[in-house]
Amino acid sequence: YGVWRQPPFLQGVSAQAKDDYRKIYENEVMAKEQLTNAIAAWAAKNNVNPQVAAFNDKQDQKLKKQRAAITSAVQKLPAVLNQCSWNRSR
């Protein structure tokens with residue numbers, strides 16, 4: 001935590017472009033839609049639209065996989081709790 005990991009699409013862009021992206025990404029005032037639009041405009045300006053789109057798709061797939069795993073674990077929780085020895089009626 002605390003260390004900013006650059007997304008792969010920042011490789012090959014100028015130092016100024018990296019700085020501009022980081023300022024957009026770390027903006028805590030923008031709403032999600034504003035952030036998305038600002039990153040899209042940045043990507044167009046820096047000719048990295050395909051790389052940003054591929055990165056976003058990959059991140060979306062990771063998020064879907066994580067959500068599915070969490071949902072599955074939560075659904076199994078009642079059965080697991082019933083199997084615990086400390087939870088059984090005596």
# chains A, B, ... in the order shown; residues from 1 in each chain; ligands from 1

$ residues_around --residues "stretch 23-29 of chain A" --least-positions-apart "5" --cutoff "7 Å" --atoms "only C-alpha atoms" --output "list in words"
Leu35, Ala38 and Ile39 of chain A

$ select_by_dssp --residues "chain A" --states "alpha helix (DSSP H)" --output "VMD selection string"
chain A and resid 15 to 25 32 to 45 49 to 83

$ atom_distance --atom1 "atom CA of A:Asn46" --atom2 "atom CA of A:Val13"
7.2 Å

$ residues_around --residues "A:Ala43" --least-positions-apart "5" --cutoff "8 Å" --atoms "only C-alpha atoms" --output "MDAnalysis selection string"
chainID A and resid 48:49 52

$ atom_distance --atom1 "atom CA of A:Lys45" --atom2 "atom CA of A:Asp57"
20.1 Å

$ atom_distance --atom1 "atom CA of A:Asn56" --atom2 "atom CA of A:Ala44"
14.7 Å

$ closest_residue --among "A:Asn82, A:Ala54, A:Asn47, A:Val74" --to "A:Ser14" --atoms "only C-alpha atoms"
A:Asn47

$ residues_around --residues "A:Phe55" --least-positions-apart "2" --cutoff "12 Å" --atoms "only C-alpha atoms" --output "ChimeraX atom specification"
/A:6-10,43,48-53,57-62
